[in-house]
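A.B. asks: Input file: data-v3.tsv. Contents: TSV, C-alpha atoms.
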chain	number	residue	atom	x	y	z
E	1	MET	CA	-62.95	-264.49	100.76
E	2	ALA	CA	-59.29	-263.56	101.18
E	3	THR	CA	-59.68	-260.65	98.79
E	4	ARG	CA	-62.69	-259.32	100.68
E	5	THR	CA	-60.84	-259.54	103.99
E	6	GLU	CA	-57.83	-257.75	102.55
E	7	ASN	CA	-60.00	-255.02	101.08
E	8	ALA	CA	-61.92	-254.61	104.35
E	9	HIS	CA	-58.66	-254.32	106.27
E	10	SER	CA	-57.31	-251.87	103.71
E	11	THR	CA	-60.48	-249.78	103.91
E	12	LEU	CA	-60.37	-249.73	107.71
E	13	LYS	CA	-56.74	-248.67	107.65
E	14	GLY	CA	-57.59	-245.96	105.16
E	15	TRP	CA	-60.30	-244.52	107.40
E	16	ALA	CA	-57.88	-244.59	110.33
E	17	GLY	CA	-55.57	-242.44	108.21
E	18	VAL	CA	-58.48	-240.11	107.39
E	19	ALA	CA	-59.05	-239.75	111.15
E	20	ALA	CA	-55.40	-238.76	111.63
E	21	ILE	CA	-55.63	-236.19	108.82
E	22	THR	CA	-58.84	-234.83	110.34
E	23	ALA	CA	-57.04	-234.49	113.68
E	24	SER	CA	-54.31	-232.60	111.83
E	25	LEU	CA	-56.88	-230.16	110.50
E	26	PHE	CA	-58.20	-229.76	114.03
E	27	VAL	CA	-54.84	-228.69	115.48
E	28	PHE	CA	-53.95	-226.50	112.50
E	29	LEU	CA	-57.28	-224.67	112.55
E	30	THR	CA	-57.45	-224.22	116.31
E	31	THR	CA	-53.91	-222.86	116.27
E	32	GLU	CA	-54.85	-220.44	113.50
E	33	LEU	CA	-58.06	-219.15	115.04
E	34	MET	CA	-57.47	-219.63	118.77
E	35	PRO	CA	-56.45	-215.96	119.15
E	36	VAL	CA	-60.05	-215.08	118.20
E	37	GLY	CA	-61.14	-216.21	121.65
E	38	LEU	CA	-58.04	-214.80	123.35
E	39	LEU	CA	-57.80	-211.29	121.88
E	40	THR	CA	-58.85	-209.54	125.08
E	41	PRO	CA	-56.44	-211.33	127.47
E	42	VAL	CA	-53.58	-211.22	124.94
E	43	SER	CA	-54.03	-207.49	124.40
E	44	SER	CA	-54.18	-206.87	128.17
E	45	SER	CA	-51.20	-209.10	128.93
E	46	LEU	CA	-48.96	-207.63	126.24
E	47	ASP	CA	-50.27	-204.06	126.61
E	48	ILE	CA	-51.43	-203.71	123.01
E	49	SER	CA	-54.74	-202.77	121.42
E	50	VAL	CA	-57.34	-205.35	120.42
E	51	GLY	CA	-56.74	-204.45	116.78
E	52	ALA	CA	-53.01	-205.06	117.18
E	53	ALA	CA	-53.70	-208.41	118.84
E	54	GLY	CA	-55.73	-209.32	115.76
E	55	LEU	CA	-52.45	-209.29	113.82
E	56	MET	CA	-51.84	-212.76	115.30
E	57	VAL	CA	-54.56	-213.90	112.90
E	58	THR	CA	-53.55	-211.53	110.11
E	59	LEU	CA	-49.87	-212.52	109.77
E	60	TYR	CA	-50.67	-216.21	110.11
E	61	GLY	CA	-53.13	-215.87	107.24
E	62	VAL	CA	-50.73	-213.83	105.10
E	63	SER	CA	-48.03	-216.51	105.10
E	64	ALA	CA	-50.55	-219.35	104.82
E	65	GLY	CA	-52.11	-217.72	101.79
E	66	LEU	CA	-49.22	-216.16	99.90
E	67	GLY	CA	-46.75	-218.96	100.52
E	68	VAL	CA	-48.82	-222.06	99.81
E	69	PRO	CA	-48.60	-222.20	95.97
E	70	PHE	CA	-44.82	-222.01	96.22
E	71	VAL	CA	-44.55	-224.52	99.07
E	72	VAL	CA	-46.82	-227.03	97.31
E	73	ALA	CA	-45.01	-226.65	93.99
E	74	TRP	CA	-41.52	-226.83	95.51
E	75	THR	CA	-42.45	-229.95	97.49
E	76	ARG	CA	-44.32	-231.62	94.63
E	77	ARG	CA	-41.88	-234.55	94.56
E	78	ILE	CA	-41.99	-235.19	98.32
E	79	ASN	CA	-43.99	-238.05	99.79
E	80	ARG	CA	-47.15	-236.50	101.25
E	81	ARG	CA	-46.92	-238.37	104.58
E	82	VAL	CA	-43.40	-237.05	105.06
E	83	LEU	CA	-44.53	-233.55	104.16
E	84	LEU	CA	-47.51	-233.64	106.55
E	85	SER	CA	-45.30	-234.92	109.38
E	86	THR	CA	-42.87	-232.05	108.77
E	87	LEU	CA	-45.69	-229.51	108.81
E	88	LEU	CA	-46.95	-230.87	112.14
E	89	ALA	CA	-43.43	-230.64	113.59
E	90	ILE	CA	-43.33	-226.96	112.62
E	91	LEU	CA	-46.74	-226.45	114.22
E	92	THR	CA	-45.57	-228.09	117.45
E	93	ALA	CA	-42.46	-225.92	117.66
E	94	GLY	CA	-44.44	-222.79	116.82
E	95	ASN	CA	-46.99	-223.30	119.57
E	96	LEU	CA	-44.16	-223.94	122.04
E	97	ILE	CA	-42.34	-220.75	121.06
E	98	THR	CA	-45.59	-218.74	121.24
E	99	ALA	CA	-46.13	-220.00	124.78
E	100	LEU	CA	-42.59	-219.08	125.89
E	101	ALA	CA	-42.04	-215.90	123.86
E	102	PRO	CA	-40.94	-212.94	126.02
E	103	GLY	CA	-42.63	-210.32	123.84
E	104	TYR	CA	-45.17	-209.68	121.09
E	105	PRO	CA	-42.67	-209.29	118.17
E	106	LEU	CA	-41.48	-212.88	118.60
E	107	VAL	CA	-45.08	-214.07	118.84
E	108	LEU	CA	-45.89	-212.39	115.52
E	109	ALA	CA	-42.73	-213.72	113.84
E	110	THR	CA	-43.54	-217.24	115.01
E	111	ARG	CA	-47.11	-216.99	113.78
E	112	LEU	CA	-45.79	-215.86	110.40
E	113	VAL	CA	-43.62	-218.99	110.06
E	114	MET	CA	-46.39	-221.29	111.29
E	115	GLY	CA	-48.69	-219.90	108.64
E	116	PHE	CA	-46.57	-221.44	105.86
E	117	ALA	CA	-47.09	-224.88	107.38
E	118	ASN	CA	-50.80	-224.26	107.81
E	119	GLY	CA	-51.25	-223.22	104.18
E	120	ALA	CA	-49.41	-226.26	102.87
E	121	PHE	CA	-51.61	-228.56	104.95
E	122	TRP	CA	-54.81	-227.07	103.51
E	123	ALA	CA	-53.50	-227.69	100.01
E	124	ILE	CA	-52.58	-231.36	100.54
E	125	GLY	CA	-54.75	-232.61	103.43
E	126	VAL	CA	-58.07	-233.16	101.69
E	127	GLY	CA	-56.42	-234.72	98.66
E	128	MET	CA	-54.50	-237.13	100.90
E	129	ALA	CA	-57.70	-238.27	102.59
E	130	MET	CA	-59.40	-238.85	99.25
E	131	ARG	CA	-56.50	-241.03	98.08
E	132	ILE	CA	-56.28	-243.44	101.02
E	133	VAL	CA	-59.86	-244.75	100.86
E	134	PRO	CA	-61.62	-246.60	98.01
E	135	GLY	CA	-62.57	-244.27	95.17
E	136	ARG	CA	-66.30	-244.53	95.85
E	137	HIS	CA	-65.69	-243.10	99.35
E	138	ALA	CA	-63.43	-240.23	98.27
E	139	ASN	CA	-66.06	-237.49	98.62
E	140	ARG	CA	-67.13	-238.85	102.00
E	141	ALA	CA	-63.50	-238.79	103.15
E	142	ALA	CA	-63.25	-235.15	102.08
E	143	ALA	CA	-66.41	-234.34	104.06
E	144	VAL	CA	-65.02	-236.13	107.12
E	145	VAL	CA	-61.80	-234.12	106.98
E	146	MET	CA	-63.75	-230.90	106.55
E	147	SER	CA	-65.81	-231.84	109.60
E	148	GLY	CA	-62.62	-231.14	111.52
E	149	ILE	CA	-63.46	-227.48	110.95
E	150	SER	CA	-66.68	-227.88	112.89
E	151	VAL	CA	-64.99	-229.94	115.61
E	152	ALA	CA	-62.30	-227.28	115.97
E	153	THR	CA	-64.98	-224.62	116.27
E	154	VAL	CA	-67.14	-226.64	118.68
E	155	LEU	CA	-64.32	-227.87	120.93
E	156	GLY	CA	-61.01	-226.29	119.97
E	157	MET	CA	-61.54	-222.56	120.30
E	158	PRO	CA	-64.01	-222.72	123.21
E	159	LEU	CA	-61.64	-225.11	124.98
E	160	GLY	CA	-58.85	-222.63	124.37
E	161	THR	CA	-60.98	-219.92	125.98
E	162	VAL	CA	-61.71	-222.14	129.00
E	163	LEU	CA	-58.04	-223.08	129.37
E	164	GLU	CA	-57.04	-219.42	129.19
E	165	ARG	CA	-59.33	-218.67	132.12
E	166	LEU	CA	-57.77	-221.52	134.12
E	167	VAL	CA	-54.07	-221.34	133.26
E	168	GLY	CA	-53.50	-218.23	131.09
E	169	TRP	CA	-53.10	-217.81	127.35
E	170	GLN	CA	-49.41	-218.78	127.27
E	171	SER	CA	-50.10	-222.13	128.93
E	172	THR	CA	-52.97	-222.66	126.52
E	173	PHE	CA	-50.54	-222.57	123.59
E	174	LEU	CA	-48.20	-224.86	125.53
E	175	ILE	CA	-50.98	-227.43	125.87
E	176	TRP	CA	-51.70	-227.13	122.15
E	177	SER	CA	-48.03	-227.83	121.44
E	178	GLY	CA	-48.39	-231.11	123.31
E	179	LEU	CA	-51.57	-231.95	121.41
E	180	SER	CA	-49.72	-231.29	118.15
E	181	VAL	CA	-47.11	-233.86	119.16
E	182	LEU	CA	-49.82	-236.50	119.62
E	183	VAL	CA	-51.28	-235.78	116.18
E	184	PHE	CA	-47.77	-235.93	114.67
E	185	LEU	CA	-47.37	-239.44	116.09
E	186	ALA	CA	-50.83	-240.47	114.84
E	187	VAL	CA	-49.92	-239.42	111.30
E	188	LEU	CA	-46.69	-241.40	111.40
E	189	VAL	CA	-48.53	-244.53	112.53
E	190	LEU	CA	-51.84	-244.35	110.66
E	191	VAL	CA	-51.27	-242.53	107.36
E	192	PRO	CA	-49.77	-244.74	104.63
E	193	SER	CA	-46.94	-243.67	102.37
E	194	LEU	CA	-48.32	-241.37	99.66
E	195	PRO	CA	-46.02	-240.48	96.77
E	196	SER	CA	-46.80	-237.08	95.34
E	197	ALA	CA	-49.52	-236.98	92.67
E	198	ASN	CA	-50.59	-234.27	90.22
E	199	ALA	CA	-47.19	-232.56	90.41
E	200	VAL	CA	-47.51	-229.01	89.09
E	201	SER	CA	-44.87	-226.30	88.81
E	202	VAL	CA	-45.26	-222.82	90.28
E	203	ARG	CA	-45.83	-221.37	86.83
E	204	GLU	CA	-48.61	-223.86	86.09
E	205	VAL	CA	-50.24	-223.27	89.48
E	206	PHE	CA	-50.57	-219.54	88.92
E	207	GLY	CA	-51.66	-220.11	85.33
E	208	LEU	CA	-54.72	-222.14	86.33
E	209	PRO	CA	-57.09	-219.19	86.94
E	210	ARG	CA	-56.19	-217.75	83.56
E	211	VAL	CA	-57.13	-220.89	81.64
E	212	ASN	CA	-59.91	-222.15	83.95
E	213	ALA	CA	-62.82	-219.72	84.14
E	214	ARG	CA	-64.78	-221.90	86.57
E	215	LEU	CA	-61.91	-221.98	89.04
E	216	ARG	CA	-61.44	-218.23	88.65
E	217	SER	CA	-65.08	-217.60	89.58
E	218	VAL	CA	-64.85	-219.91	92.58
E	219	LEU	CA	-61.77	-218.11	93.87
E	220	ILE	CA	-63.41	-214.69	93.62
E	221	THR	CA	-66.46	-216.01	95.45
E	222	VAL	CA	-64.25	-217.46	98.18
E	223	VAL	CA	-62.38	-214.18	98.64
E	224	LEU	CA	-65.60	-212.21	99.14
E	225	PHE	CA	-67.28	-214.52	101.63
E	226	VAL	CA	-64.10	-215.16	103.66
E	227	LEU	CA	-63.36	-211.44	103.93
E	228	GLY	CA	-66.82	-210.84	105.30
E	229	HIS	CA	-67.15	-213.89	107.52
E	230	PHE	CA	-63.75	-213.81	109.19
E	231	GLY	CA	-63.68	-210.03	109.41
E	232	VAL	CA	-66.59	-210.31	111.84
E	233	TYR	CA	-65.65	-213.63	113.45
E	234	THR	CA	-62.18	-212.45	114.41
E	235	PHE	CA	-63.74	-209.76	116.60
E	236	ILE	CA	-66.82	-211.61	117.85
E	237	ARG	CA	-65.59	-211.59	121.47
E	238	PRO	CA	-65.07	-207.80	121.64
E	239	PHE	CA	-68.43	-207.34	119.87
E	240	LEU	CA	-70.32	-209.47	122.39
E	241	GLU	CA	-68.51	-207.89	125.32
E	242	GLY	CA	-69.28	-204.41	124.04
E	243	THR	CA	-72.91	-204.83	122.98
E	244	SER	CA	-74.33	-207.44	125.36
E	245	SER	CA	-71.88	-207.13	128.28
E	246	ALA	CA	-70.95	-210.74	127.70
E	247	SER	CA	-68.86	-212.51	130.29
E	248	PRO	CA	-65.99	-214.83	129.25
E	249	ALA	CA	-68.25	-217.77	130.09
E	250	PHE	CA	-70.98	-216.50	127.77
E	251	VAL	CA	-68.44	-215.93	125.00
E	252	THR	CA	-67.40	-219.56	125.39
E	253	VAL	CA	-71.03	-220.66	125.12
E	254	CYS	CA	-71.43	-218.57	121.98
E	255	LEU	CA	-68.38	-220.16	120.35
E	256	ILE	CA	-69.70	-223.62	121.19
E	257	VAL	CA	-73.13	-222.73	119.78
E	258	PHE	CA	-71.55	-221.41	116.60
E	259	GLY	CA	-69.42	-224.52	116.22
E	260	ALA	CA	-72.34	-226.85	116.86
E	261	GLY	CA	-74.28	-225.03	114.17
E	262	GLY	CA	-71.32	-225.44	111.83
E	263	ALA	CA	-71.19	-229.19	112.50
E	264	VAL	CA	-74.90	-229.53	111.71
E	265	GLY	CA	-74.53	-227.36	108.62
E	266	ASN	CA	-71.62	-229.46	107.40
E	267	PHE	CA	-73.61	-232.66	107.92
E	268	VAL	CA	-76.71	-231.30	106.17
E	269	ALA	CA	-74.64	-229.93	103.29
E	270	GLY	CA	-73.13	-233.36	102.77
E	271	HIS	CA	-76.54	-234.57	101.58
E	272	PHE	CA	-77.28	-231.65	99.25
E	273	VAL	CA	-73.95	-230.42	97.89
E	274	ALA	CA	-73.50	-233.46	95.64
E	275	LYS	CA	-76.92	-232.79	94.09
E	276	ASN	CA	-76.59	-229.04	93.49
E	277	VAL	CA	-73.53	-227.34	94.87
E	278	LEU	CA	-74.41	-223.86	93.57
E	279	VAL	CA	-77.83	-223.83	95.21
E	280	SER	CA	-76.24	-225.10	98.42
E	281	PHE	CA	-73.71	-222.29	98.37
E	282	ALA	CA	-76.43	-219.71	97.64
E	283	VAL	CA	-78.56	-220.90	100.55
E	284	GLY	CA	-75.55	-220.88	102.88
E	285	ALA	CA	-74.42	-217.41	101.77
E	286	ALA	CA	-77.93	-216.01	102.20
E	287	GLY	CA	-77.90	-217.46	105.71
E	288	LEU	CA	-74.59	-215.72	106.44
E	289	VAL	CA	-76.02	-212.35	105.43
E	290	THR	CA	-79.20	-212.91	107.42
E	291	SER	CA	-77.37	-214.03	110.56
E	292	LEU	CA	-75.09	-210.98	110.57
E	293	LEU	CA	-78.08	-208.68	110.15
E	294	LEU	CA	-79.73	-210.48	113.07
E	295	LEU	CA	-76.57	-209.92	115.11
E	296	LEU	CA	-76.92	-206.18	114.49
E	297	VAL	CA	-80.64	-206.10	115.29
E	298	VAL	CA	-80.96	-208.47	118.25
E	299	GLY	CA	-77.33	-209.20	119.18
E	300	HIS	CA	-77.40	-206.72	122.06
E	301	GLY	CA	-79.30	-209.34	124.08
E	302	GLN	CA	-77.87	-212.72	124.98
E	303	VAL	CA	-80.80	-214.71	123.56
E	304	GLY	CA	-80.69	-212.74	120.31
E	305	ALA	CA	-76.93	-213.23	120.05
E	306	LEU	CA	-77.30	-216.98	120.48
E	307	VAL	CA	-80.01	-217.17	117.80
E	308	ALA	CA	-77.85	-215.21	115.36
E	309	LEU	CA	-74.83	-217.40	116.09
E	310	VAL	CA	-76.77	-220.63	115.57
E	311	LEU	CA	-77.87	-219.48	112.11
E	312	TRP	CA	-74.38	-218.14	111.40
E	313	GLY	CA	-72.79	-221.48	112.27
E	314	LEU	CA	-75.30	-223.48	110.21
E	315	SER	CA	-74.75	-221.24	107.20
E	316	TYR	CA	-70.98	-221.32	107.51
E	317	GLY	CA	-70.97	-225.12	107.60
E	318	VAL	CA	-72.96	-225.21	104.34
E	319	VAL	CA	-70.83	-222.59	102.60
E	320	GLN	CA	-67.56	-224.19	103.68
E	321	LEU	CA	-68.31	-227.63	102.24
E	322	SER	CA	-69.87	-226.06	99.13
E	323	GLN	CA	-66.80	-224.00	98.28
E	324	LEU	CA	-64.53	-227.02	98.67
E	325	THR	CA	-66.73	-229.06	96.31
E	326	MET	CA	-66.85	-226.16	93.85
E	327	THR	CA	-63.04	-226.03	93.84
E	328	GLN	CA	-62.74	-229.79	93.32
E	329	ARG	CA	-65.22	-229.83	90.45
E	330	SER	CA	-63.63	-226.87	88.73
E	331	ALA	CA	-60.21	-228.58	88.48
E	332	PRO	CA	-60.50	-232.34	89.10
E	333	ASP	CA	-57.22	-233.20	87.34
E	334	THR	CA	-55.12	-230.63	89.21
E	335	PHE	CA	-56.85	-230.70	92.57
E	336	GLU	CA	-53.76	-230.07	94.75
E	337	ALA	CA	-52.80	-227.06	92.64
E	338	ALA	CA	-56.37	-225.74	92.69
E	339	MET	CA	-56.52	-226.24	96.45
E	340	SER	CA	-53.26	-224.34	96.87
E	341	LEU	CA	-54.87	-221.39	95.08
E	342	ASN	CA	-58.02	-221.84	97.15
E	343	THR	CA	-55.84	-221.78	100.26
E	344	LEU	CA	-54.06	-218.67	99.01
E	345	ALA	CA	-57.39	-216.92	98.45
E	346	TYR	CA	-58.90	-218.22	101.69
E	347	ASN	CA	-56.07	-217.48	104.10
E	348	THR	CA	-55.07	-214.19	102.53
E	349	SER	CA	-58.69	-213.15	102.87
E	350	ILE	CA	-58.70	-214.21	106.53
E	351	ALA	CA	-55.65	-212.01	107.03
E	352	LEU	CA	-57.08	-209.03	105.14
E	353	GLY	CA	-60.47	-209.47	106.77
E	354	ALA	CA	-58.86	-209.38	110.22
E	355	LEU	CA	-56.73	-206.38	109.21
E	356	PHE	CA	-59.58	-204.30	107.74
E	357	ALA	CA	-61.95	-205.25	110.55
E	358	GLY	CA	-59.26	-204.37	113.10
E	359	LEU	CA	-58.89	-200.91	111.56
E	360	LEU	CA	-62.65	-200.46	111.62
E	361	ALA	CA	-62.86	-201.67	115.22
E	362	ASP	CA	-60.19	-199.22	116.36
E	363	HIS	CA	-61.45	-196.21	114.39
E	364	ALA	CA	-65.18	-196.64	113.69
E	365	GLY	CA	-66.38	-198.86	116.51
E	366	ILE	CA	-67.00	-202.57	116.80
E	367	THR	CA	-70.45	-202.45	115.17
E	368	SER	CA	-68.91	-201.27	111.90
E	369	VAL	CA	-67.11	-204.62	111.72
E	370	VAL	CA	-70.44	-206.45	111.44
E	371	TRP	CA	-71.59	-204.14	108.65
E	372	PHE	CA	-68.32	-204.92	106.89
E	373	GLY	CA	-69.25	-208.59	107.06
E	374	VAL	CA	-72.77	-208.00	105.78
E	375	VAL	CA	-71.54	-206.15	102.70
E	376	LEU	CA	-68.87	-208.69	101.76
E	377	THR	CA	-70.95	-211.83	102.31
E	378	ALA	CA	-73.80	-210.27	100.31
E	379	ALA	CA	-71.31	-209.48	97.54
E	380	SER	CA	-70.20	-213.14	97.41
E	381	LEU	CA	-73.82	-214.25	97.03
E	382	LEU	CA	-74.55	-211.71	94.29
E	383	PHE	CA	-71.36	-212.56	92.42
E	384	MET	CA	-72.08	-216.28	92.50
E	385	VAL	CA	-75.67	-215.75	91.31
E	386	GLY	CA	-74.49	-213.41	88.56
E	387	THR	CA	-71.79	-215.84	87.43
E	388	ARG	CA	-74.32	-218.67	87.36
E	389	ARG	CA	-76.66	-216.67	85.16
E	390	THR	CA	-73.81	-215.82	82.82
Please express what this file holds, its structure, as structure tokens.

C.D. replies:
Amino acid sequence: MATRTENAHSTLKGWAGVAAITASLFVFLTTELMPVGLLTPVSSSLDISVGAAGLMVTLYGVSAGLGVPFVVAWTRRINRRVLLSTLLAILTAGNLITALAPGYPLVLATRLVMGFANGAFWAIGVGMAMRIVPGRHANRAAAVVMSGISVATVLGMPLGTVLERLVGWQSTFLIWSGLSVLVFLAVLVLVPSLPSANAVSVREVFGLPRVNARLRSVLITVVLFVLGHFGVYTFIRPFLEGTSSASPAFVTVCLIVFGAGGAVGNFVAGHFVAKNVLVSFAVGAAGLVTSLLLLLVVGHGQVGALVALVLWGLSYGVVQLSQLTMTQRSAPDTFEAAMSLNTLAYNTSIALGALFAGLLADHAGITSVVWFGVVLTAASLLFMVGTRRT
């Protein structure tokens, strides 16, 4: 009886830690993507183009992607709770500086530094959650943490848009700095001490794709779908404002609808990914392509835009959980290292997607950005199917 009670208490404490890690993902992701909903007011306030404002996403993604394998390898001996707490402290300071920055150059420099912390979290966060619950619940813990993506999309970015309308975009980042402090305290209290596991040097990290063909294929697939998805998503507000005369309130509704679809997609994928992850990814990727085509065809009307965004969110939720599972299964013994490469591919692709889409938006019109997304998401589907056949 005593053993059962101890195990139950230990399990409960573990899930409390998972909740704190999920909250960490929430603040990291909303900080990364919040500018998506604020591009128009930021560009107006700082007297820059919408494409230039998109660099807030681009530079954040560059440092998060390119720096993470080095950060993870160089900190491989550091207790993971200590490391996560440090990353949250950097996030808190970065949001505060962004709110108080007198000009755009300092905003961009701050976002660049914050990106390193964001990338390191993505590499260690899921693995931490899987370690602090009983082994049989590890995959469920990973799914719970990944649900933070949907929560951030449902509540975080739309809330940021609402707050911007009420208090301005600078105060919105100030509020997020305060929220980051609360999550920092939650991690200190709820996450147990976690000595580093699966320590891998920088050389070994970058050598993984060469010796692991499955991981290499997953990374290429991730690059293609993230380029396409985030290239469009970064500029969804200007697209809706330009094609359907969307008001800020309608943009907020669209972001909520997208996020709700992502939450449902994540939940549904949790039941099917374990059975056949490749089919799940294929279905999700096909949904991404279809939803973007719908956005082009019927997105000029508000009802059509909402329909397209619901399907887009559902599909993204499925693809997101599928790609994480594919990464885990391709390198189970070096999961942190594999996730650091996944993060490199993912965040660098967010940055490049925002950059290329920004160039298209400024020089070829906002509709060209959606076609960019169609081509790249279709390429990820075709590559995955071709790799599977091989």

A.B. asks: Just checking: using all atoms listed in the file, which residue out of E:Ser380, E:Gln170, E:Asn212, E:Ser63 ends up closest to Arg329 in chain E?

C.D. replies: E:Asn212

A.B. asks: Give me the residues within 12 Å of range 96-99 of chain E as a PyMOL selection string, counting all atoms listed in the file and dropping any in the same chain fewer than 5 places off.

C.D. replies: chain E and resi 31+35+42+56+89-91+104-114+164+167-181

A.B. asks: Can you tell me how far CA of Ala143 in chain E sits from CA of Gly261 in chain E, in Å to one decimal?

C.D. replies: 15.8 Å

A.B. asks: Using all atoms listed in the file, which of E:Ala20, E:Gly14, E:Phe372, E:Phe230 sits nearest Leu182 in chain E?

C.D. replies: E:Ala20

A.B. asks: List every protein, DNA or RNA residue with an atom no more than 10 Å from (-45.0, -226.8, 99.5) in the file's coordinates, counting all atoms listed in the file, and format the result as a list in words.

C.D. replies: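 It turns out the residues near that spot are Gly67, Val68, Pro69, Phe70, Val71, Val72, Ala73, Trp74, Thr75, Arg76, Arg77, Ile78, Leu83, Leu87, Phe116, Ala117, Gly119, Ala120, Phe121, Ala123, Ile124 and Ser340 of chain E.
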
A.B. asks: Go ahead and save the residues from that selection, with C-alpha atoms, as a PDB file, in the frame of the given file.

C.D. replies:
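What landed in part-v6.pdb:
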ATOM      1  CA  GLY E  67     -46.750-218.960 100.520  1.00  0.00           C
ATOM      2  CA  VAL E  68     -48.820-222.060  99.810  1.00  0.00           C
ATOM      3  CA  PRO E  69     -48.600-222.200  95.970  1.00  0.00           C
ATOM      4  CA  PHE E  70     -44.820-222.010  96.220  1.00  0.00           C
ATOM      5  CA  VAL E  71     -44.550-224.520  99.070  1.00  0.00           C
ATOM      6  CA  VAL E  72     -46.820-227.030  97.310  1.00  0.00           C
ATOM      7  CA  ALA E  73     -45.010-226.650  93.990  1.00  0.00           C
ATOM      8  CA  TRP E  74     -41.520-226.830  95.510  1.00  0.00           C
ATOM      9  CA  THR E  75     -42.450-229.950  97.490  1.00  0.00           C
ATOM     10  CA  ARG E  76     -44.320-231.620  94.630  1.00  0.00           C
ATOM     11  CA  ARG E  77     -41.880-234.550  94.560  1.00  0.00           C
ATOM     12  CA  ILE E  78     -41.990-235.190  98.320  1.00  0.00           C
ATOM     13  CA  LEU E  83     -44.530-233.550 104.160  1.00  0.00           C
ATOM     14  CA  LEU E  87     -45.690-229.510 108.810  1.00  0.00           C
ATOM     15  CA  PHE E 116     -46.570-221.440 105.860  1.00  0.00           C
ATOM     16  CA  ALA E 117     -47.090-224.880 107.380  1.00  0.00           C
ATOM     17  CA  GLY E 119     -51.250-223.220 104.180  1.00  0.00           C
ATOM     18  CA  ALA E 120     -49.410-226.260 102.870  1.00  0.00           C
ATOM     19  CA  PHE E 121     -51.610-228.560 104.950  1.00  0.00           C
ATOM     20  CA  ALA E 123     -53.500-227.690 100.010  1.00  0.00           C
ATOM     21  CA  ILE E 124     -52.580-231.360 100.540  1.00  0.00           C
ATOM     22  CA  SER E 340     -53.260-224.340  96.870  1.00  0.00           C
TER      23      SER E 340
END

A.B. asks: How many Å lie between CA of Val18 in chain E and CA of Val257 in chain E, rounded to one decimal?

C.D. replies: 25.9 Å

A.B. asks: Quick one: pull the distance between CA of Met146 in chain E and CA of Leu84 in chain E, Å, one decimal.

C.D. replies: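 Distance reported for this atom pair: 16.5 Å.
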
A.B. asks: Would you pick out the contacts of range 299-305 of chain E at 9 Å or less, using all atoms listed in the file, so that residues sharing its chain but fewer than 5 positions from it are not included, and give the list as a VMD selection string?

C.D. replies: chain E and resid 240 242 to 246 250 254 294 310

A.B. asks: Contacts of Leu295 in chain E at 9 Å or less, counting all atoms listed in the file, minus same-chain residues fewer than 2 places along, as a list in words?

C.D. replies: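 Contacts, in chain order: Thr290, Ser291, Leu292, Leu293, Val297, Val298, Gly299, His300, Gly304, Ala305, Leu306, Val307, Ala308, Leu309 and Val370 of chain E.
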
A.B. asks: Would you mind telling me which residue in E:Phe28, E:Thr58, E:Ala274, E:Trp122 lies nearest to Leu88 in chain E when using all atoms listed in the file?

C.D. replies: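 Result for the nearest residue to Leu88 in chain E: E:Phe28.
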
A.B. asks: Would you be able to write out as a list of chain:residue names which residues have an atom within 9 Å of (-64.1, -206.8, 122.0) in the file's coordinates, counting all atoms listed in the file?

C.D. replies: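 The distance filter leaves exactly E:Leu39, E:Thr40, E:Val50, E:Phe235, E:Ile236, E:Arg237, E:Pro238, E:Phe239, E:Leu240, E:Glu241, E:Gly242, E:Ala361, E:Ile366.
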
A.B. asks: Measuring atom to atom with all atoms listed in the file, identify which of E:Gly259, E:Gly231, E:Gly365, E:Gly386 is nearest to Ile350 in chain E.

C.D. replies: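 Selected residue with least distance to Ile350 in chain E: E:Gly231.
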